[in-house]
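**Q** Input structure: final_24.txt, which contains compact mmCIF, C-alpha atoms and all ligand atoms.
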# COMPACT_ATOMS: atom_id res chain seq x y z
CA MET A 1 -5.56 -25.94 2.88
CA ARG A 2 -5.50 -24.05 6.14
CA VAL A 3 -4.68 -20.43 5.48
CA MET A 4 -4.24 -17.33 7.64
CA VAL A 5 -4.07 -13.68 6.64
CA ILE A 6 -2.30 -11.23 8.94
CA GLY A 7 -3.79 -7.73 9.09
CA GLY A 8 -7.18 -6.17 9.53
CA GLY A 9 -8.01 -3.49 6.96
CA GLY A 10 -9.66 -3.10 3.59
CA ARG A 11 -6.61 -4.49 1.83
CA GLU A 12 -6.79 -7.68 3.88
CA HIS A 13 -10.53 -7.97 3.21
CA ALA A 14 -9.84 -7.77 -0.54
CA ILE A 15 -7.10 -10.41 -0.24
CA ILE A 16 -9.41 -12.67 1.77
CA LYS A 17 -12.29 -12.38 -0.69
CA LYS A 18 -9.99 -13.15 -3.60
CA LEU A 19 -8.38 -16.12 -1.81
CA ARG A 20 -11.87 -17.48 -1.11
CA GLU A 21 -12.29 -18.22 -4.82
CA ASN A 22 -9.92 -21.16 -4.31
CA LYS A 23 -12.06 -24.04 -3.12
CA SER A 24 -9.14 -25.98 -1.66
CA ILE A 25 -9.13 -23.55 1.28
CA GLU A 26 -10.98 -25.25 4.14
CA VAL A 27 -10.32 -22.65 6.80
CA LEU A 28 -9.31 -19.04 6.44
CA TYR A 29 -8.31 -17.09 9.54
CA ALA A 30 -7.85 -13.33 9.78
CA LEU A 31 -5.51 -12.06 12.55
CA PRO A 32 -7.00 -9.81 13.76
CA GLY A 33 -9.28 -8.92 10.81
CA ASN A 34 -12.29 -6.74 11.58
CA ASP A 35 -15.95 -7.53 12.19
CA GLY A 36 -16.93 -6.41 8.69
CA MET A 37 -15.13 -9.52 7.34
CA LYS A 38 -16.95 -11.98 9.57
CA GLY A 39 -18.73 -13.70 6.71
CA ASP A 40 -15.48 -14.25 4.81
CA ALA A 41 -12.96 -15.33 7.45
CA THR A 42 -12.73 -16.62 11.01
CA LEU A 43 -11.50 -13.75 13.14
CA VAL A 44 -8.76 -14.35 15.69
CA PRO A 45 -8.05 -11.53 18.16
CA ILE A 46 -4.27 -11.48 17.78
CA GLY A 47 -2.64 -8.23 16.66
CA ALA A 48 -0.44 -8.15 13.57
CA LYS A 49 2.65 -7.16 15.58
CA ASN A 50 2.30 -9.92 18.16
CA LEU A 51 4.82 -12.25 16.51
CA ASP A 52 4.99 -14.79 19.35
CA LYS A 53 1.25 -15.30 19.52
CA ILE A 54 0.92 -15.47 15.73
CA CYS A 55 3.58 -18.20 15.55
CA ASN A 56 1.99 -20.19 18.37
CA PHE A 57 -1.40 -19.92 16.71
CA ALA A 58 -0.02 -21.06 13.34
CA VAL A 59 1.56 -24.15 14.91
CA GLU A 60 -1.48 -24.97 17.01
CA LYS A 61 -3.87 -24.69 14.06
CA LYS A 62 -1.51 -26.44 11.63
CA ILE A 63 -1.56 -23.54 9.19
CA ASP A 64 -0.34 -24.51 5.70
CA PHE A 65 0.08 -21.03 4.28
CA ALA A 66 0.21 -17.51 5.72
CA VAL A 67 -0.21 -14.20 3.95
CA VAL A 68 1.51 -11.38 5.84
CA ALA A 69 -0.06 -8.19 4.48
CA PRO A 70 0.98 -5.15 6.60
CA ASP A 71 4.39 -3.48 6.68
CA ASP A 72 5.06 -3.68 10.43
CA PRO A 73 5.12 -7.48 10.87
CA LEU A 74 7.11 -7.86 7.63
CA VAL A 75 9.74 -5.37 8.76
CA LEU A 76 9.82 -7.02 12.21
CA GLY A 77 10.58 -10.39 10.59
CA LEU A 78 7.32 -12.32 10.96
CA VAL A 79 7.97 -14.29 7.78
CA ASP A 80 11.35 -15.49 9.10
CA ARG A 81 9.70 -16.49 12.37
CA LEU A 82 6.86 -18.38 10.67
CA ASN A 83 9.25 -20.12 8.27
CA ALA A 84 11.30 -21.21 11.29
CA VAL A 85 8.27 -23.05 12.71
CA GLY A 86 7.55 -24.63 9.33
CA VAL A 87 4.85 -22.31 7.98
CA LYS A 88 5.11 -21.21 4.37
CA CYS A 89 4.41 -17.53 3.81
CA PHE A 90 3.61 -14.98 1.17
CA GLY A 91 5.70 -11.93 2.03
CA PRO A 92 9.39 -10.98 2.11
CA LYS A 93 11.79 -11.94 4.86
CA LYS A 94 13.12 -9.25 7.18
CA ASN A 95 16.30 -8.71 5.19
CA ALA A 96 14.23 -7.92 2.07
CA ALA A 97 11.39 -6.01 3.80
CA ILE A 98 14.04 -3.39 4.60
CA ILE A 99 13.38 -2.05 1.09
CA GLU A 100 10.36 -0.36 2.70
CA GLY A 101 11.58 -0.35 6.30
CA SER A 102 14.50 1.98 5.64
CA LYS A 103 14.47 4.79 3.11
CA ALA A 104 18.21 5.23 3.63
CA PHE A 105 18.60 1.59 2.51
CA SER A 106 16.32 1.86 -0.52
CA LYS A 107 17.85 5.14 -1.69
CA ALA A 108 21.38 3.71 -1.38
CA LEU A 109 20.26 0.62 -3.30
CA MET A 110 18.91 2.74 -6.14
CA LYS A 111 22.04 4.87 -6.24
CA LYS A 112 24.34 1.83 -6.28
CA TYR A 113 22.44 0.03 -9.05
CA GLY A 114 21.49 3.04 -11.18
CA ILE A 115 17.74 2.86 -10.62
CA PRO A 116 16.12 6.23 -11.40
CA THR A 117 14.99 8.14 -8.29
CA ALA A 118 15.13 11.65 -6.82
CA ARG A 119 18.59 12.99 -5.96
CA TYR A 120 19.17 12.77 -2.20
CA GLU A 121 21.44 12.79 0.82
CA THR A 122 21.10 10.87 4.09
CA PHE A 123 21.76 12.46 7.49
CA THR A 124 22.05 11.34 11.10
CA ASP A 125 23.39 14.69 12.34
CA LEU A 126 20.91 17.57 12.66
CA GLU A 127 23.42 20.38 12.08
CA GLU A 128 24.74 18.75 8.92
CA ALA A 129 21.19 18.27 7.65
CA ILE A 130 20.41 21.93 8.30
CA ARG A 131 23.56 23.06 6.47
CA TYR A 132 22.53 20.91 3.50
CA VAL A 133 19.05 22.46 3.43
CA ASP A 134 20.72 25.88 3.06
CA THR A 135 22.23 24.70 -0.23
CA GLN A 136 18.92 23.40 -1.68
CA GLU A 137 16.12 25.14 -3.54
CA PRO A 138 12.61 24.64 -2.12
CA PRO A 139 10.34 22.75 -2.24
CA ILE A 140 12.50 20.37 -0.21
CA VAL A 141 11.41 16.83 0.59
CA VAL A 142 12.29 15.55 4.08
CA LYS A 143 11.69 11.88 4.86
CA ALA A 144 12.00 9.92 8.09
CA ASP A 145 14.10 6.82 7.44
CA GLY A 146 11.76 4.24 8.97
CA LEU A 147 8.07 3.36 9.02
CA ALA A 148 5.94 6.29 10.13
CA LEU A 149 2.35 5.32 9.30
CA GLY A 150 2.62 7.11 5.97
CA LYS A 151 3.24 10.42 7.77
CA GLY A 152 7.01 10.53 7.58
CA VAL A 153 7.25 12.57 4.37
CA ILE A 154 7.24 16.37 4.56
CA ILE A 155 7.18 18.49 1.41
CA ALA A 156 8.57 21.76 2.75
CA ALA A 157 7.72 24.91 0.79
CA THR A 158 10.53 26.88 2.43
CA ARG A 159 13.94 26.16 3.94
CA GLU A 160 12.60 27.18 7.36
CA GLU A 161 9.82 24.61 7.08
CA ALA A 162 12.33 21.94 6.10
CA LYS A 163 14.51 22.80 9.09
CA ALA A 164 11.51 22.70 11.43
CA ALA A 165 10.65 19.23 10.09
CA LEU A 166 14.23 18.09 10.67
CA ARG A 167 14.18 19.37 14.25
CA GLU A 168 10.87 17.61 14.91
CA MET A 169 12.24 14.31 13.63
CA MET A 170 15.87 14.39 14.75
CA GLU A 171 15.68 16.44 17.95
CA ASN A 172 12.15 16.04 19.30
CA GLY A 173 11.82 12.37 18.42
CA LYS A 174 8.66 12.62 16.33
CA PHE A 175 8.33 9.12 14.76
CA GLY A 176 10.76 7.76 17.41
CA ASP A 177 13.71 5.81 16.02
CA SER A 178 12.17 6.01 12.54
CA GLY A 179 13.12 9.69 12.38
CA LYS A 180 16.66 9.56 13.81
CA THR A 181 17.99 9.12 10.30
CA VAL A 182 16.51 11.32 7.58
CA VAL A 183 16.66 11.48 3.82
CA ILE A 184 16.50 14.89 2.16
CA GLU A 185 15.63 14.71 -1.49
CA GLU A 186 14.89 16.62 -4.63
CA TYR A 187 11.26 17.50 -5.31
CA LEU A 188 9.88 15.67 -8.32
CA GLU A 189 6.83 16.54 -10.37
CA GLY A 190 4.50 14.49 -12.48
CA PRO A 191 1.63 12.04 -12.23
CA GLU A 192 2.02 9.24 -9.70
CA VAL A 193 1.48 5.59 -10.54
CA SER A 194 1.33 2.61 -8.20
CA VAL A 195 2.51 -0.68 -9.64
CA LEU A 196 2.13 -3.74 -7.44
CA SER A 197 3.98 -6.83 -8.58
CA PHE A 198 4.43 -10.46 -7.73
CA CYS A 199 8.12 -10.96 -7.24
CA ASP A 200 9.39 -14.50 -6.63
CA GLY A 201 13.05 -13.64 -6.15
CA ASN A 202 13.83 -14.31 -9.81
CA ILE A 203 11.24 -12.44 -11.86
CA VAL A 204 8.82 -9.55 -11.43
CA VAL A 205 5.30 -9.91 -12.75
CA PRO A 206 3.55 -6.54 -12.56
CA MET A 207 -0.16 -6.38 -11.79
CA VAL A 208 -2.49 -3.88 -13.41
CA SER A 209 -1.36 -0.31 -12.57
CA GLY A 210 -3.29 1.89 -10.17
CA MET A 211 -3.74 5.46 -9.01
CA ASP A 212 -4.19 6.34 -5.35
CA HIS A 213 -5.84 9.54 -4.11
CA LYS A 214 -3.96 10.33 -0.91
CA ARG A 215 -5.33 13.73 0.08
CA ALA A 216 -8.44 14.00 2.20
CA GLN A 217 -10.38 16.40 -0.01
CA ASP A 218 -11.49 16.83 -3.58
CA GLY A 219 -8.99 18.38 -5.97
CA ASP A 220 -6.12 16.73 -4.02
CA LYS A 221 -6.52 19.25 -1.21
CA GLY A 222 -6.34 18.74 2.54
CA LEU A 223 -4.18 16.43 4.60
CA ASN A 224 -2.46 13.27 3.47
CA THR A 225 -4.40 10.15 4.39
CA GLY A 226 -3.86 6.43 4.02
CA GLY A 227 -5.72 6.75 0.70
CA MET A 228 -9.27 7.94 -0.12
CA GLY A 229 -9.81 5.93 -3.28
CA THR A 230 -8.16 4.25 -6.22
CA ILE A 231 -8.70 3.45 -9.86
CA ALA A 232 -7.09 0.90 -12.17
CA PRO A 233 -5.61 0.85 -14.71
CA ASN A 234 -3.78 4.16 -14.46
CA PRO A 235 -3.95 5.99 -17.82
CA PHE A 236 -0.61 7.71 -17.20
CA TYR A 237 1.03 4.29 -17.22
CA THR A 238 1.21 3.80 -20.96
CA LYS A 239 2.69 0.77 -22.75
CA GLU A 240 5.77 2.84 -23.48
CA ILE A 241 6.22 3.87 -19.84
CA SER A 242 5.65 0.32 -18.66
CA ALA A 243 8.40 -0.96 -20.97
CA ILE A 244 10.82 1.63 -19.58
CA CYS A 245 9.85 0.71 -16.02
CA LYS A 246 10.39 -2.98 -16.62
CA GLU A 247 13.88 -2.44 -17.97
CA GLN A 248 15.12 0.44 -15.83
CA ILE A 249 13.32 -0.19 -12.57
CA PHE A 250 11.59 -3.54 -11.99
CA ASP A 251 14.17 -6.00 -13.30
CA LYS A 252 17.04 -3.94 -11.91
CA THR A 253 15.48 -3.86 -8.44
CA VAL A 254 15.09 -7.62 -8.28
CA ALA A 255 18.64 -8.15 -9.52
CA ALA A 256 19.92 -5.57 -7.02
CA MET A 257 18.18 -7.26 -4.09
CA ASN A 258 19.63 -10.61 -5.16
CA ALA A 259 23.09 -9.14 -5.54
CA GLU A 260 22.80 -7.79 -1.98
CA GLY A 261 21.88 -11.25 -0.70
CA ARG A 262 18.33 -10.11 0.03
CA PRO A 263 16.09 -11.96 -2.44
CA PHE A 264 12.61 -10.43 -2.44
CA ARG A 265 9.65 -12.79 -2.49
CA GLY A 266 6.20 -11.32 -2.11
CA CYS A 267 4.38 -8.24 -3.36
CA LEU A 268 6.84 -5.54 -4.34
CA TYR A 269 5.10 -2.20 -4.70
CA PHE A 270 6.67 0.46 -6.90
CA GLY A 271 5.51 4.00 -6.11
CA LEU A 272 6.47 5.81 -9.30
CA MET A 273 6.42 9.35 -10.55
CA ILE A 274 6.32 9.92 -14.29
CA THR A 275 8.58 12.95 -14.57
CA ARG A 276 9.68 14.80 -17.69
CA ASP A 277 12.91 12.83 -17.51
CA GLY A 278 11.04 9.54 -17.36
CA PRO A 279 9.68 7.35 -14.57
CA LYS A 280 11.39 7.54 -11.19
CA VAL A 281 10.91 5.61 -7.97
CA ILE A 282 9.30 7.66 -5.18
CA GLU A 283 9.16 4.73 -2.81
CA TYR A 284 9.14 0.96 -2.55
CA ASN A 285 6.70 -0.90 -0.35
CA CYS A 286 7.28 -4.49 0.63
CA ARG A 287 3.56 -5.32 0.51
CA PHE A 288 0.25 -4.77 -1.20
CA GLY A 289 -0.91 -1.13 -1.17
CA ASP A 290 -4.07 0.00 0.53
CA PRO A 291 -6.41 0.93 -1.18
CA GLU A 292 -4.69 -0.11 -4.45
CA THR A 293 -5.36 -3.77 -3.63
CA GLN A 294 -9.11 -3.08 -3.57
CA VAL A 295 -9.05 -2.29 -7.32
CA VAL A 296 -6.20 -4.52 -8.44
CA LEU A 297 -7.35 -7.88 -7.06
CA PRO A 298 -10.93 -7.61 -8.37
CA LEU A 299 -9.42 -7.28 -11.87
CA MET A 300 -7.21 -10.34 -11.41
CA GLU A 301 -8.43 -13.37 -13.34
CA SER A 302 -5.93 -15.93 -12.03
CA ASP A 303 -6.23 -17.82 -8.78
CA LEU A 304 -4.58 -15.71 -6.06
CA LEU A 305 -3.60 -18.59 -3.77
CA THR A 306 -1.81 -20.40 -6.61
CA VAL A 307 0.07 -17.26 -7.61
CA MET A 308 1.01 -16.49 -4.00
CA MET A 309 2.29 -20.02 -3.40
CA LYS A 310 4.36 -20.00 -6.58
CA THR A 311 5.74 -16.59 -5.61
CA ALA A 312 6.74 -17.96 -2.22
CA ASP A 313 8.36 -21.02 -3.84
CA GLY A 314 10.27 -19.00 -6.45
CA THR A 315 8.52 -20.82 -9.31
CA LEU A 316 6.35 -18.07 -10.73
CA ASP A 317 5.86 -17.82 -14.49
CA PRO A 318 4.52 -14.64 -16.14
CA SER A 319 1.73 -16.71 -17.75
CA ASP A 320 0.41 -17.55 -14.24
CA VAL A 321 -0.80 -13.99 -13.72
CA LYS A 322 -3.73 -12.72 -15.79
CA PHE A 323 -5.72 -9.55 -15.50
CA SER A 324 -8.96 -8.49 -17.16
CA THR A 325 -8.84 -5.59 -19.60
CA GLY A 326 -11.59 -3.77 -17.70
CA SER A 327 -11.34 -0.98 -15.15
CA ALA A 328 -12.16 -0.66 -11.48
CA CYS A 329 -12.86 2.16 -9.06
CA CYS A 330 -12.76 2.05 -5.26
CA VAL A 331 -14.15 4.91 -3.18
CA ILE A 332 -13.32 4.95 0.53
CA MET A 333 -16.10 5.93 2.95
CA ALA A 334 -14.46 7.54 5.94
CA SER A 335 -15.55 9.13 9.19
CA ALA A 336 -15.78 12.93 8.85
CA GLY A 337 -12.67 14.50 10.35
CA TYR A 338 -10.30 11.70 9.26
CA PRO A 339 -7.25 11.75 9.25
CA GLU A 340 -7.48 13.93 12.36
CA HIS A 341 -10.22 13.74 14.97
CA TYR A 342 -13.34 11.70 14.18
CA GLU A 343 -16.09 9.88 16.04
CA LYS A 344 -16.84 6.18 15.97
CA GLY A 345 -19.74 3.91 16.85
CA TYR A 346 -22.30 4.88 14.20
CA GLU A 347 -24.47 2.19 12.65
CA ILE A 348 -23.53 1.25 9.08
CA VAL A 349 -26.73 0.83 7.07
CA GLN A 350 -26.89 -0.78 3.64
CA LYS A 351 -30.05 -0.53 1.52
CA GLY A 352 -30.22 -3.14 -1.23
CA GLU A 353 -27.55 -5.26 -2.90
CA ILE A 354 -24.31 -3.60 -3.98
CA ASP A 355 -23.37 -4.45 -7.55
CA GLY A 356 -19.69 -4.63 -6.66
CA GLU A 357 -17.66 -5.36 -3.55
CA VAL A 358 -17.64 -3.81 -0.10
CA TYR A 359 -14.34 -4.10 1.74
CA PHE A 360 -14.45 -3.25 5.42
CA ALA A 361 -11.58 -1.50 7.20
CA GLY A 362 -12.90 0.12 10.38
CA ALA A 363 -16.07 -1.73 11.34
CA LYS A 364 -17.12 -3.41 14.56
CA ASP A 365 -19.99 -5.54 15.73
CA ARG A 366 -22.02 -3.97 18.55
CA ASP A 367 -24.76 -6.31 19.76
CA GLY A 368 -25.40 -7.65 16.28
CA THR A 369 -25.16 -4.29 14.52
CA LEU A 370 -22.17 -3.27 12.43
CA VAL A 371 -20.90 0.15 13.54
CA THR A 372 -18.07 2.42 12.44
CA ASN A 373 -14.78 1.85 14.23
CA GLY A 374 -12.08 3.84 12.44
CA GLY A 375 -11.14 6.70 10.16
CA ARG A 376 -11.41 4.70 6.99
CA VAL A 377 -14.56 2.64 7.46
CA LEU A 378 -15.00 0.77 4.18
CA GLY A 379 -14.37 0.86 0.46
CA VAL A 380 -16.83 0.22 -2.34
CA THR A 381 -15.30 -1.24 -5.51
CA VAL A 382 -17.09 -1.43 -8.83
CA LYS A 383 -15.74 -2.80 -12.10
CA GLY A 384 -16.64 -1.65 -15.60
CA ASP A 385 -15.65 -2.05 -19.22
CA THR A 386 -14.39 1.52 -19.12
CA LEU A 387 -12.94 3.69 -16.38
CA MET A 388 -15.79 6.18 -16.79
CA GLY A 389 -18.30 3.34 -16.44
CA ALA A 390 -16.64 2.00 -13.28
CA VAL A 391 -16.39 5.43 -11.64
CA THR A 392 -19.98 6.45 -12.45
CA LYS A 393 -21.39 3.15 -11.21
CA CYS A 394 -19.24 3.22 -8.07
CA TYR A 395 -20.71 6.57 -7.07
CA GLU A 396 -24.23 5.19 -7.63
CA GLU A 397 -23.61 2.06 -5.59
CA ILE A 398 -21.96 3.86 -2.67
CA LYS A 399 -25.21 5.78 -2.04
CA LYS A 400 -26.74 2.52 -0.82
CA ILE A 401 -24.50 2.66 2.25
CA THR A 402 -25.00 5.31 4.89
CA PHE A 403 -23.78 6.12 8.38
CA GLU A 404 -23.76 9.27 10.44
CA ASN A 405 -20.82 11.57 9.69
CA ALA A 406 -19.89 9.59 6.57
CA TYR A 407 -17.47 11.35 4.25
CA TYR A 408 -16.03 10.43 0.89
CA ARG A 409 -14.32 12.27 -1.93
CA SER A 410 -16.51 12.95 -4.93
CA ASP A 411 -13.71 13.09 -7.51
CA ILE A 412 -12.00 9.70 -7.38
CA GLY A 413 -10.95 8.90 -10.94
CA ALA A 414 -11.67 12.39 -12.29
CA LYS A 415 -8.03 13.16 -13.06
CA ALA A 416 -7.60 9.77 -14.73
CA ILE A 417 -10.70 10.20 -16.90
CA LYS A 418 -9.43 13.61 -17.96
CA ALA A 419 -6.04 12.11 -18.85
CA GLU A 420 -7.71 9.41 -20.92
CA LYS A 421 -9.41 12.07 -23.01
CA ASN A 422 -6.15 13.85 -23.79
P1 LIG A 501 5.96 8.20 0.41
O1 LIG A 501 5.49 7.94 1.81
O2 LIG A 501 7.42 8.06 0.19
O3 LIG A 501 5.09 7.48 -0.59
O4 LIG A 501 5.60 9.71 0.10
C1 LIG A 501 4.28 10.16 0.26
C2 LIG A 501 3.94 11.09 -0.86
O5 LIG A 501 4.81 12.24 -0.83
C3 LIG A 501 4.14 10.49 -2.25
O6 LIG A 501 3.05 9.74 -2.66
C4 LIG A 501 4.35 11.73 -3.08
O7 LIG A 501 3.11 12.32 -3.42
C5 LIG A 501 5.07 12.66 -2.14
N1 LIG A 501 6.52 12.62 -2.41
C6 LIG A 501 7.42 11.77 -1.87
N2 LIG A 501 8.65 12.01 -2.35
C7 LIG A 501 8.54 13.03 -3.22
C8 LIG A 501 9.47 13.76 -4.04
N3 LIG A 501 10.77 13.47 -4.05
N4 LIG A 501 8.98 14.74 -4.81
C9 LIG A 501 7.68 15.06 -4.79
N5 LIG A 501 6.76 14.42 -4.03
C10 LIG A 501 7.18 13.42 -3.25
N1 LIG A 502 -1.66 3.42 -0.91
C1 LIG A 502 -0.33 3.60 -0.54
C2 LIG A 502 0.21 2.60 0.38
O1 LIG A 502 -0.37 1.57 0.62
O2 LIG A 502 1.29 2.82 0.91
Can the structure from this file be put into structure tokens for me?
Ligand code: AMP
Ligand code: GLY
**A**
Amino acid sequence: MRVMVIGGGGREHAIIKKLRENKSIEVLYALPGNDGMKGDATLVPIGAKNLDKICNFAVEKKIDFAVVAPDDPLVLGLVDRLNAVGVKCFGPKKNAAIIEGSKAFSKALMKKYGIPTARYETFTDLEEAIRYVDTQEPPIVVKADGLALGKGVIIAATREEAKAALREMMENGKFGDSGKTVVIEEYLEGPEVSVLSFCDGNIVVPMVSGMDHKRAQDGDKGLNTGGMGTIAPNPFYTKEISAICKEQIFDKTVAAMNAEGRPFRGCLYFGLMITRDGPKVIEYNCRFGDPETQVVLPLMESDLLTVMMKTADGTLDPSDVKFSTGSACCVIMASAGYPEHYEKGYEIVQKGEIDGEVYFAGAKDRDGTLVTNGGRVLGVTVKGDTLMGAVTKCYEEIKKITFENAYYRSDIGAKAIKAEKN
């Protein structure tokens, strides 16, 4: 098998390492990947949004199977393009990727099919949006309709703040076209759970649940980031909650997408909030989460390539997907200052073997030395029989890696461990 993975972060590194377990893979390309993955994949310097070049490369190299991991190429229709030149793909087509690509679409879908989510209204006119804000009690949640690098959600503490966010998006063009349409929604409270699933267009097979830690600093303080660490499974996602989610959210979403003529095949990510009134959808993603993938895939016992191919073919069976009963913790090592200003180019030094996995995100080869090259530099994942065991060991292992200006949160998993005790 000749396989290519589109994308270049820690999530893609985790996918690549897991795919590698399948010995029928002769060549594995990463487009563009990053230098930290060099030992695991052949890097090809083609960006994930360069659809023409990706298609040409796939034809030229006779690629049998492609995994499209990031949101941008999925929403742009890379899977449709690759299918058109005869390349099978893991990932939804453009008309299904819209479930992440447009919040106005996903909210309308949930409303139409009775899938629990925050109450909302959609606006394309600034004055109307402002008038609506005057009728709402803060905090008020303002969301840009389209992809905005995870920055398109503003939780406004006051009406004035909400209006300022609306002006930024709708008048000043922050987020470009993504912010021309906005969704204003009710503020929900409760623990958040990420559930990634394999969805083959007919059935949804959930993976082990996870918990992201989005804020930059300990105690969930500081700015929102792409994610500073994850644990799995998520103790807030009880058997009872998971049964409710399956019935009220997962199965309904797949049926809804089919009914709309937009069958979803790929990884459907449910961002859930467990509110007092039950679980509600905060967002859908049309792809694996980052850094959720870095804890979920290490706990997967089945062969990833087989599961991905069956998902793409629409022949998945729940018994194909098996997870271990253990736990995993991933702590992200970032450059100090991330998600704002940070410096790059510092040597990444590892002392001794890591008893776990290292997934690189922002790393670059400089004359034979691996140096930092991004905000999120790498993630260290450790598994354990218990969550406490995985978290404790992860923080021991991560000490073996150092670079100047390295920063990581010291409380990944703390909230989950506390919840387990209650
Ligand atoms: P999203 O990009 O939609 O995942 O939103 C980013 C984060 O904003 C989520 O992970 C939540 O923590 C928060 N958020 C989004 N929508 C709401 C809401 N309706 N109520 C409270 N928090 C929200
Ligand atoms: N970790 C959240 C996301 O991938 O969107």
**Q** Near A:Gly114, counting all atoms listed in the file, which residues have an atom at most 12 Å away, once you skip same-chain residues fewer than 4 positions from it, shown as a list of chain:residue names?
**A** A:Ser106, A:Lys107, A:Ala108, A:Leu109, A:Met110, A:Ala118, A:Arg119, A:Glu247, A:Gln248, A:Ile249, A:Phe250, A:Asp251, A:Lys252, A:Thr253, A:Ala255, A:Ala256, A:Lys280, A:Val281
**Q** Could you give me the residues within 6 Å of ligand LIG 502 (chain A), counting all atoms listed in the file, as a PyMOL selection string?
**A** chain A and resi 212+227+289-292
**Q** Could you report the residues within 10 Å of ligand LIG 501 (chain A), using all atoms listed in the file, as a ChimeraX atom specification?
**A** /A:100,103,117-120,139-145,147-155,184-194,212-215,224-227,270-273,275,280-285
**Q** Can you work out which one of A:Asp320, A:Pro116, A:Gly91, A:Ser242 has the shortest atom-to-atom distance to A:Thr306, counting all atoms listed in the file?
**A**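 Nearest candidate to A:Thr306 out of A:Asp320, A:Pro116, A:Gly91, A:Ser242: A:Asp320.
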**Q** Could you state the separation of atom CA of A:Ala336 and atom CA of A:Lys221 in Å, given to one decimal place?
**A** 15.1 Å
**Q** With only C-alpha atoms as the atoms that count, which of A:Leu304, A:Met228, A:Val133, A:Val67 lies nearest to A:Val380?
**A**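 Closest to A:Val380 of all the choices is A:Met228.
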**Q** Just want the 12 Å neighbourhood of A:Asp134, counted on all atoms listed in the file, with same-chain residues fewer than 2 positions away dropped. Output as a ChimeraX atom specification.
**A** /A:127-132,136-138,140,158-163,184
**Q** One decimal, Å: what's the distance from atom CA of A:Lys23 over to atom CA of A:Glu357, could you say?
**A** 19.5 Å
**Q** Quick one: pull the distance between atom CA of A:Val391 and atom CA of A:Ala414, Å, one decimal.
**A**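 So the answer is 8.4 Å.
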**Q** Distance cut-off 12 Å, centre (-16.2, 1.1, -15.9) in file coordinates, counting all atoms listed in the file: which residues qualify? Return them as a PDB file with C-alpha atoms, in the coordinates of the input.
**A**
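In the end it all went to selection00.pdb:
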ATOM      1  CA  ILE A 231      -8.700   3.450  -9.860  1.00  0.00           C
ATOM      2  CA  ALA A 232      -7.090   0.900 -12.170  1.00  0.00           C
ATOM      3  CA  PRO A 233      -5.610   0.850 -14.710  1.00  0.00           C
ATOM      4  CA  VAL A 295      -9.050  -2.290  -7.320  1.00  0.00           C
ATOM      5  CA  LEU A 299      -9.420  -7.280 -11.870  1.00  0.00           C
ATOM      6  CA  THR A 325      -8.840  -5.590 -19.600  1.00  0.00           C
ATOM      7  CA  GLY A 326     -11.590  -3.770 -17.700  1.00  0.00           C
ATOM      8  CA  SER A 327     -11.340  -0.980 -15.150  1.00  0.00           C
ATOM      9  CA  ALA A 328     -12.160  -0.660 -11.480  1.00  0.00           C
ATOM     10  CA  CYS A 329     -12.860   2.160  -9.060  1.00  0.00           C
ATOM     11  CA  CYS A 330     -12.760   2.050  -5.260  1.00  0.00           C
ATOM     12  CA  GLY A 356     -19.690  -4.630  -6.660  1.00  0.00           C
ATOM     13  CA  THR A 381     -15.300  -1.240  -5.510  1.00  0.00           C
ATOM     14  CA  VAL A 382     -17.090  -1.430  -8.830  1.00  0.00           C
ATOM     15  CA  LYS A 383     -15.740  -2.800 -12.100  1.00  0.00           C
ATOM     16  CA  GLY A 384     -16.640  -1.650 -15.600  1.00  0.00           C
ATOM     17  CA  ASP A 385     -15.650  -2.050 -19.220  1.00  0.00           C
ATOM     18  CA  THR A 386     -14.390   1.520 -19.120  1.00  0.00           C
ATOM     19  CA  LEU A 387     -12.940   3.690 -16.380  1.00  0.00           C
ATOM     20  CA  MET A 388     -15.790   6.180 -16.790  1.00  0.00           C
ATOM     21  CA  GLY A 389     -18.300   3.340 -16.440  1.00  0.00           C
ATOM     22  CA  ALA A 390     -16.640   2.000 -13.280  1.00  0.00           C
ATOM     23  CA  VAL A 391     -16.390   5.430 -11.640  1.00  0.00           C
ATOM     24  CA  THR A 392     -19.980   6.450 -12.450  1.00  0.00           C
ATOM     25  CA  LYS A 393     -21.390   3.150 -11.210  1.00  0.00           C
ATOM     26  CA  CYS A 394     -19.240   3.220  -8.070  1.00  0.00           C
ATOM     27  CA  TYR A 395     -20.710   6.570  -7.070  1.00  0.00           C
ATOM     28  CA  GLY A 413     -10.950   8.900 -10.940  1.00  0.00           C
ATOM     29  CA  ILE A 417     -10.700  10.200 -16.900  1.00  0.00           C
TER      30      ILE A 417
END
**Q** Using all atoms listed in the file, which residue out of A:Lys53, A:Arg20, A:Lys180, A:Arg409 lies closest to A:Thr124?
**A**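 Closest candidate: A:Lys180.
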**Q** Env of A:Ala419: 8 Å cut, atoms = all atoms listed in the file, seq-sep filter 3 positions within chain, self excluded. Answer as a PyMOL selection string.
**A** chain A and resi 235-236+415-416+422
**Q** From the options A:Val358, A:Val349, A:Val331, A:Ala96, which residue's atoms come nearest to A:Arg265, counting all atoms listed in the file?
**A** A:Ala96
**Q** May I ask which of the residues A:Ala58, A:Asp35, A:Glu397, A:Ile332 is the closest one to A:Asn373, counting all atoms listed in the file?
**A**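 Closest to A:Asn373 of all the choices is A:Asp35.
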**Q** For A:Tyr346, which residue out of A:Leu370, A:Ala361, A:Ile398, A:Val87 is the nearest one, using only C-alpha atoms?
**A**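 Smallest separation from A:Tyr346 among the options: A:Leu370.
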